[in-house]
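*Asks:* Quick one: the structure is below, questions incoming.
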Amino acid sequence: MKHPRRCGVLAALVALVLLACLQIQYHHLKVDLRNTGFASATQQSSDHSRNHWGSRKTATGTRGLPRGIVQPHSDMFLRPLWDHSHSAAANHKNKNGDHNALLAMAVGISQIKNVDTMARKFLNRNYAVILFHYDGNVDGWRHLDWSDKAIHILAHNQTKWWFAKRFLHPDVMAIYDFIFLWDEDLGVENFNPRRYLDIMVSEGLEITQPALDPDLSTDIHHRITIRNMMTKVHRRIYDNRPSMNCSDESKGPPCTGWVEGMAPVFSRAAWKCVWHLIQNDLIHGWGLDMKLGYCAQGDRTEKVGVIDSEYVVHQGIPSLGGPSLSRKTSRRSLDLRTHIRRQSSAELEKFKERWNRAVKEDEEWSDPFRS
C-alpha cells in the first residue's frame, strides 16, 4: 500500500500541470479570436473612440464640439443689446481696417485729466481702450463722453502687470495687431498712434516704445529712451563709459534690443510671448524689460526699437500707492512708496532667480543671444 503523503504530493503535481495546460490553451484561444476579428466590447469601444476623436486635430477642450462652432478667440469690442448693424466691431473695421490696436492702462482718478487726453487720441482712431482702476473709483469717470466706449475693470491697488496677466490673455488679444500697455502719466501732445503704428510696420519692429522728450520729461532712467531728434527710429545707443560700454558690438540691453516698462507697445506675436513671460505673482514687473527681447520674434537688435518721431513726456507721477494730486504729500504716502519700492526690488531678485533656474533646468532650450 502506498504512503498517503506521497499520494498527496503526486496529486498536487498533477493539479499544477493541468492548470498550466489550461492557461496555455486560454492564451492560444485569445490570440485566435483577435486574429479572426473578435474583440472584447471594451476594446471595441476604446478603438471606436480613438478612431472618432483621434482622426482630427481639435483645440484644447473642444473635442465634443463640431469644428465649425468653435471660436477660440475673443476681443474687447463692446456689443449692443440690440441692433447689431451698429456694433463696435463693425464700426472699428470700417474706419480703421489696416490696424487693430488696444490701449490698456492702470489708472487712478488723480490722473483723469491726463488719461482723458490719452484715451481720446486712441478712441479717435477707433482703437480699443481698457482702463484698469486701481483706486476703486469708476463712477468718477462717467461724465467723460467717451467713458461708455471704454472697458472698465476694477481691482484695488493692483498694477498694470497684474491686470494684464489676468485680463489680456493672448486668446482675447488675438484680434488686435498691437497692444499698448502704458502708464497713466504720459504726455501725448506730440504723439499720433496711427503714425506710430505705421512706423512699426514699415520698420519691421515687434516691440517698441515712444521716445521720451528730454526737456519736459521729469523721470528718465535710461539713455536709450531719450529722443533722438535726427532719426525716426533708433535701436541702440553709443556710450563709452565703463559702466555702459555701448558700441556697434553690443548685442543686448541696455545698449540695444531694449525698451522700458512704462510705455511698451507689442505686436500680436510678441504679446503672446510676453504674456507667458509675466509672472503671475510678481506684480511690479521689474526685470521683465531686460528679457522682452526674447519675445521679439527674431534678432532683438533689429526687432526692438525706440520711435523718435512720435514721442511722449514721462511726467514721473507715482499715483499707485502715492498721494492724490489734490492733497499735500503725507508721511503715510511716502512710507507706502518706500514699501512699494522695496517690494519691487525683492520681486526683481525673484525674477532673476526664476529665469536662471529655468535656463538651467530646461536642457532643450538654448540662449539665442549668447555671445
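Within each chain, counting starts at residue 1; across the C-alpha cells, chains are named A, B, ... in the order shown, with ligands numbered 1 upward in that order.
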What lies within 7 Å of stretch 287-303 of chain A using only C-alpha atoms, ignoring chain neighbours under 3 positions off, as JSON, numbers by chain?
*Replies:* {"A": [204, 205, 206, 207, 235, 251, 253, 256, 257, 258, 259, 260, 261, 270, 273, 274, 348, 351]}
*Asks:* Could you write those residues out with N, CA and C atoms, as a JSON list (two decimals), in the first residue's frame?
*Replies:*
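again-v2.json was written with the following content:
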```json
[["chain", "number", "residue", "atom", "x", "y", "z"],
["A", 204, "GLY", "N", 9.54, 97.03, -39.46],
["A", 204, "GLY", "CA", 9.62, 95.63, -39.07],
["A", 204, "GLY", "C", 9.86, 95.41, -37.60],
["A", 205, "LEU", "N", 9.31, 96.29, -36.76],
["A", 205, "LEU", "CA", 9.51, 96.21, -35.32],
["A", 205, "LEU", "C", 8.40, 95.42, -34.65],
["A", 206, "GLU", "N", 8.75, 94.65, -33.64],
["A", 206, "GLU", "CA", 7.79, 93.84, -32.89],
["A", 206, "GLU", "C", 7.54, 94.38, -31.49],
["A", 207, "ILE", "N", 8.54, 95.01, -30.90],
["A", 207, "ILE", "CA", 8.43, 95.60, -29.55],
["A", 207, "ILE", "C", 9.04, 96.99, -29.59],
["A", 235, "ARG", "N", 17.66, 102.05, -32.56],
["A", 235, "ARG", "CA", 17.66, 100.71, -31.98],
["A", 235, "ARG", "C", 18.79, 100.48, -30.99],
["A", 251, "LYS", "N", 25.17, 93.60, -28.13],
["A", 251, "LYS", "CA", 24.11, 92.72, -28.62],
["A", 251, "LYS", "C", 22.87, 92.69, -27.74],
["A", 253, "PRO", "N", 20.60, 94.50, -23.91],
["A", 253, "PRO", "CA", 20.32, 95.61, -23.00],
["A", 253, "PRO", "C", 21.54, 95.91, -22.13],
["A", 256, "THR", "N", 21.08, 97.93, -26.60],
["A", 256, "THR", "CA", 20.23, 97.66, -27.76],
["A", 256, "THR", "C", 19.25, 96.55, -27.41],
["A", 257, "GLY", "N", 18.20, 96.41, -28.24],
["A", 257, "GLY", "CA", 17.21, 95.36, -28.00],
["A", 257, "GLY", "C", 16.45, 95.53, -26.71],
["A", 258, "TRP", "N", 16.11, 96.79, -26.39],
["A", 258, "TRP", "CA", 15.53, 97.04, -25.06],
["A", 258, "TRP", "C", 14.57, 98.22, -25.08],
["A", 259, "VAL", "N", 13.45, 98.10, -24.38],
["A", 259, "VAL", "CA", 12.55, 99.22, -24.09],
["A", 259, "VAL", "C", 12.19, 99.17, -22.62],
["A", 260, "GLU", "N", 11.75, 100.31, -22.11],
["A", 260, "GLU", "CA", 11.40, 100.42, -20.69],
["A", 260, "GLU", "C", 9.95, 100.00, -20.46],
["A", 261, "GLY", "N", 9.63, 99.67, -19.23],
["A", 261, "GLY", "CA", 8.30, 99.13, -18.91],
["A", 261, "GLY", "C", 7.20, 100.15, -18.81],
["A", 270, "ALA", "N", 4.47, 89.17, -30.50],
["A", 270, "ALA", "CA", 5.32, 89.46, -29.35],
["A", 270, "ALA", "C", 4.53, 89.37, -28.05],
["A", 273, "CYS", "N", 4.05, 85.95, -26.51],
["A", 273, "CYS", "CA", 5.23, 85.50, -25.77],
["A", 273, "CYS", "C", 5.36, 86.25, -24.45],
["A", 274, "VAL", "N", 5.18, 87.58, -24.48],
["A", 274, "VAL", "CA", 5.36, 88.40, -23.28],
["A", 274, "VAL", "C", 4.37, 88.01, -22.19],
["A", 348, "LEU", "N", 12.32, 91.77, -8.22],
["A", 348, "LEU", "CA", 13.36, 91.72, -9.24],
["A", 348, "LEU", "C", 14.32, 90.56, -8.98],
["A", 351, "PHE", "N", 12.62, 87.31, -9.78],
["A", 351, "PHE", "CA", 12.51, 87.09, -11.23],
["A", 351, "PHE", "C", 13.84, 86.60, -11.79]]
```
*Asks:* If you run DSSP on the backbone, which residues of stretch 35-281 of chain A are alpha helix (DSSP H), as a ChimeraX atom specification?
*Replies:* /A:35,41-54,88-95,112-123,160-167,170-173,193-203,268-277
*Asks:* Name the residues in contact with A:Thr159 at a cut-off of 8 Å, using only C-alpha atoms, excluding same-chain residues fewer than 5 positions from it; report them as an MDAnalysis selection string.
*Replies:* chainID A and resid 106 134 283:284 320
*Asks:* Go ahead and save the residues from that selection, with all heavy atoms, as a compact mmCIF listing (two decimals), in the first residue's frame.
*Replies:*
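The result, stored in result_10.txt:
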```txt
# COMPACT_ATOMS: atom_id res chain seq x y z
N ALA A 106 -3.43 101.09 -16.29
CA ALA A 106 -3.89 101.10 -14.90
C ALA A 106 -3.99 102.56 -14.49
O ALA A 106 -3.01 103.32 -14.60
CB ALA A 106 -2.92 100.35 -14.01
N TYR A 134 -7.29 101.06 -10.25
CA TYR A 134 -6.65 100.53 -9.05
C TYR A 134 -7.08 101.24 -7.78
O TYR A 134 -6.76 100.80 -6.68
CB TYR A 134 -5.12 100.59 -9.18
CG TYR A 134 -4.56 101.99 -9.41
CD1 TYR A 134 -4.53 102.94 -8.40
CD2 TYR A 134 -4.05 102.34 -10.66
CE1 TYR A 134 -4.01 104.21 -8.61
CE2 TYR A 134 -3.53 103.60 -10.89
CZ TYR A 134 -3.51 104.53 -9.85
OH TYR A 134 -3.01 105.80 -10.08
N ILE A 283 4.00 91.29 -9.33
CA ILE A 283 3.07 92.23 -9.95
C ILE A 283 3.70 93.54 -10.39
O ILE A 283 3.08 94.31 -11.12
CB ILE A 283 1.90 92.53 -8.99
CG1 ILE A 283 2.39 93.23 -7.73
CG2 ILE A 283 1.16 91.24 -8.64
CD1 ILE A 283 1.28 93.71 -6.82
N HIS A 284 4.93 93.83 -9.95
CA HIS A 284 5.53 95.11 -10.33
C HIS A 284 6.29 95.04 -11.65
O HIS A 284 6.66 96.08 -12.19
CB HIS A 284 6.46 95.59 -9.20
CG HIS A 284 5.70 95.98 -7.96
ND1 HIS A 284 4.97 97.13 -7.86
CD2 HIS A 284 5.55 95.34 -6.78
CE1 HIS A 284 4.40 97.21 -6.67
NE2 HIS A 284 4.73 96.13 -6.00
N LEU A 320 -0.05 105.15 -8.10
CA LEU A 320 -0.41 103.91 -7.40
C LEU A 320 0.39 103.81 -6.11
O LEU A 320 1.61 103.74 -6.12
CB LEU A 320 -0.11 102.70 -8.28
CG LEU A 320 -0.38 101.32 -7.68
CD1 LEU A 320 -1.85 101.18 -7.28
CD2 LEU A 320 0.00 100.22 -8.66
```
*Asks:* Please identify all polymer residues within 8 Å of A:Tyr238, counting only C-alpha atoms, omitting same-chain residues fewer than 4 positions from it, and present them as a PyMOL selection string.
*Replies:* chain A and resi 245-248+255
*Asks:* Got a sec: who's within 12 Å of A:Asp213, counting only C-alpha atoms, leaving out chain neighbours fewer than 2 positions off, as a PDB file with C-alpha atoms, in the first residue's frame?
*Replies:*
```pdb
ATOM      1  CA  LEU A 186       2.471 110.115 -20.176  1.00  0.00           C
ATOM      2  CA  GLY A 187       2.027 113.354 -22.085  1.00  0.00           C
ATOM      3  CA  VAL A 188       0.934 112.672 -25.676  1.00  0.00           C
ATOM      4  CA  GLU A 189       0.774 116.126 -27.255  1.00  0.00           C
ATOM      5  CA  ASN A 190       3.346 115.081 -29.868  1.00  0.00           C
ATOM      6  CA  PHE A 191       2.134 111.532 -30.303  1.00  0.00           C
ATOM      7  CA  PRO A 210       7.874 106.097 -27.978  1.00  0.00           C
ATOM      8  CA  ALA A 211      10.961 108.153 -27.226  1.00  0.00           C
ATOM      9  CA  ASP A 215      13.406 118.657 -21.997  1.00  0.00           C
ATOM     10  CA  LEU A 216       9.975 118.049 -20.479  1.00  0.00           C
ATOM     11  CA  SER A 217      10.237 114.535 -19.009  1.00  0.00           C
ATOM     12  CA  THR A 218      10.974 114.507 -15.297  1.00  0.00           C
ATOM     13  CA  ASP A 219      11.693 110.813 -14.884  1.00  0.00           C
ATOM     14  CA  ILE A 220      14.256 109.409 -17.348  1.00  0.00           C
ATOM     15  CA  ARG A 223      19.650 106.873 -22.140  1.00  0.00           C
ATOM     16  CA  ILE A 224      18.234 104.616 -24.824  1.00  0.00           C
ATOM     17  CA  THR A 225      14.740 106.017 -24.170  1.00  0.00           C
ATOM     18  CA  ILE A 226      15.758 109.647 -24.869  1.00  0.00           C
ATOM     19  CA  ARG A 227      14.508 111.094 -28.132  1.00  0.00           C
ATOM     20  CA  ASN A 228      16.990 111.448 -30.968  1.00  0.00           C
ATOM     21  CA  MET A 229      15.777 114.428 -32.999  1.00  0.00           C
ATOM     22  CA  ILE A 307      10.429 105.533 -32.137  1.00  0.00           C
ATOM     23  CA  ASP A 308      11.699 109.120 -32.125  1.00  0.00           C
ATOM     24  CA  SER A 309       9.315 110.877 -34.486  1.00  0.00           C
ATOM     25  CA  GLU A 310       6.315 110.081 -32.247  1.00  0.00           C
ATOM     26  CA  TYR A 311       7.406 110.908 -28.719  1.00  0.00           C
ATOM     27  CA  VAL A 312       5.897 111.409 -25.280  1.00  0.00           C
ATOM     28  CA  VAL A 313       6.614 113.146 -21.999  1.00  0.00           C
ATOM     29  CA  HIS A 314       7.144 110.989 -18.922  1.00  0.00           C
ATOM     30  CA  GLN A 315       5.783 113.026 -16.040  1.00  0.00           C
TER      31      GLN A 315
END
```
*Asks:* For each of A:Arg342, A:His99, A:Arg337, A:Arg125, take the minimum atom-to-atom distance to A:Met200, counting only C-alpha atoms, then give the residue where this is smallest.
*Replies:*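 Selected residue with least distance to A:Met200: A:His99.
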*Asks:* Rounded to one decimal in Å, what is the spacing between atom CA of A:Ser74 and atom CA of A:Asp177?
*Replies:* 13.5 Å
*Asks:* Name the residues in contact with stretch 101-104 of chain A at a cut-off of 6 Å, using only C-alpha atoms, excluding same-chain residues fewer than 4 positions from it; report them as a ChimeraX atom specification.
*Replies:* /A:127-131,176-181
*Asks:* Would you please give, as a ChimeraX atom specification, all residues of stretch 90-170 of chain A that DSSP assigns to strand (DSSP E or B) based on the backbone?
*Replies:* /A:101-107,128-133,151-154
*Asks:* Just to be explicit: take each residue in the selection above, keep C-alpha atoms, and write the result as a compact mmCIF listing (two decimals), in the first residue's frame.
*Replies:*
```
# COMPACT_ATOMS: atom_id res chain seq x y z
CA ALA A 101 -4.96 98.22 -31.63
CA LEU A 102 -5.75 98.34 -27.94
CA LEU A 103 -4.58 100.78 -25.28
CA ALA A 104 -4.54 99.34 -21.73
CA MET A 105 -3.68 101.41 -18.67
CA ALA A 106 -3.89 101.10 -14.90
CA VAL A 107 -5.43 104.40 -13.81
CA ALA A 128 -10.00 99.98 -28.20
CA VAL A 129 -9.32 101.36 -24.72
CA ILE A 130 -9.38 99.41 -21.47
CA LEU A 131 -8.90 101.11 -18.11
CA PHE A 132 -7.82 99.15 -15.05
CA HIS A 133 -8.96 101.11 -11.99
CA ILE A 151 -13.83 98.87 -20.88
CA HIS A 152 -13.56 99.47 -17.13
CA ILE A 153 -12.15 96.85 -14.75
CA LEU A 154 -11.70 97.46 -11.04
```
*Asks:* Could you tell me how far atom CA of A:Gly316 sits from atom CA of A:Arg341, in Å to one decimal place?
*Replies:*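 Computed distance, atom CA of A:Arg341 to atom CA of A:Gly316, equals 14.4 Å.
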*Asks:* Just give me the gap between atom CA of A:Asp148 and atom CA of A:Phe77 in Å, one decimal is fine.
*Replies:*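 Taking atom CA of A:Asp148 as the start and atom CA of A:Phe77 as the end point, the length is 11.6 Å.
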*Asks:* Which is closest to A:Ala164 among A:Asn124, A:Ser243, A:Asn280, A:Gln111, if we use only C-alpha atoms?
*Replies:*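 Looking only at the distances to A:Ala164, the closest residue turns out to be A:Asn280.
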*Asks:* Just checking: using only C-alpha atoms, which residue out of A:Asn100, A:Trp146, A:Pro318, A:Arg268 ends up closest to A:Asp198?
*Replies:*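 Result for the nearest residue to A:Asp198: A:Asn100.
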*Asks:* From the list A:Pro254, A:Gly68, A:Trp161, A:Glu353, which residue is nearest A:His221 when using only C-alpha atoms?
*Replies:*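 Going through A:Pro254, A:Gly68, A:Trp161, A:Glu353 one by one, the smallest distance to A:His221 is for A:Pro254.
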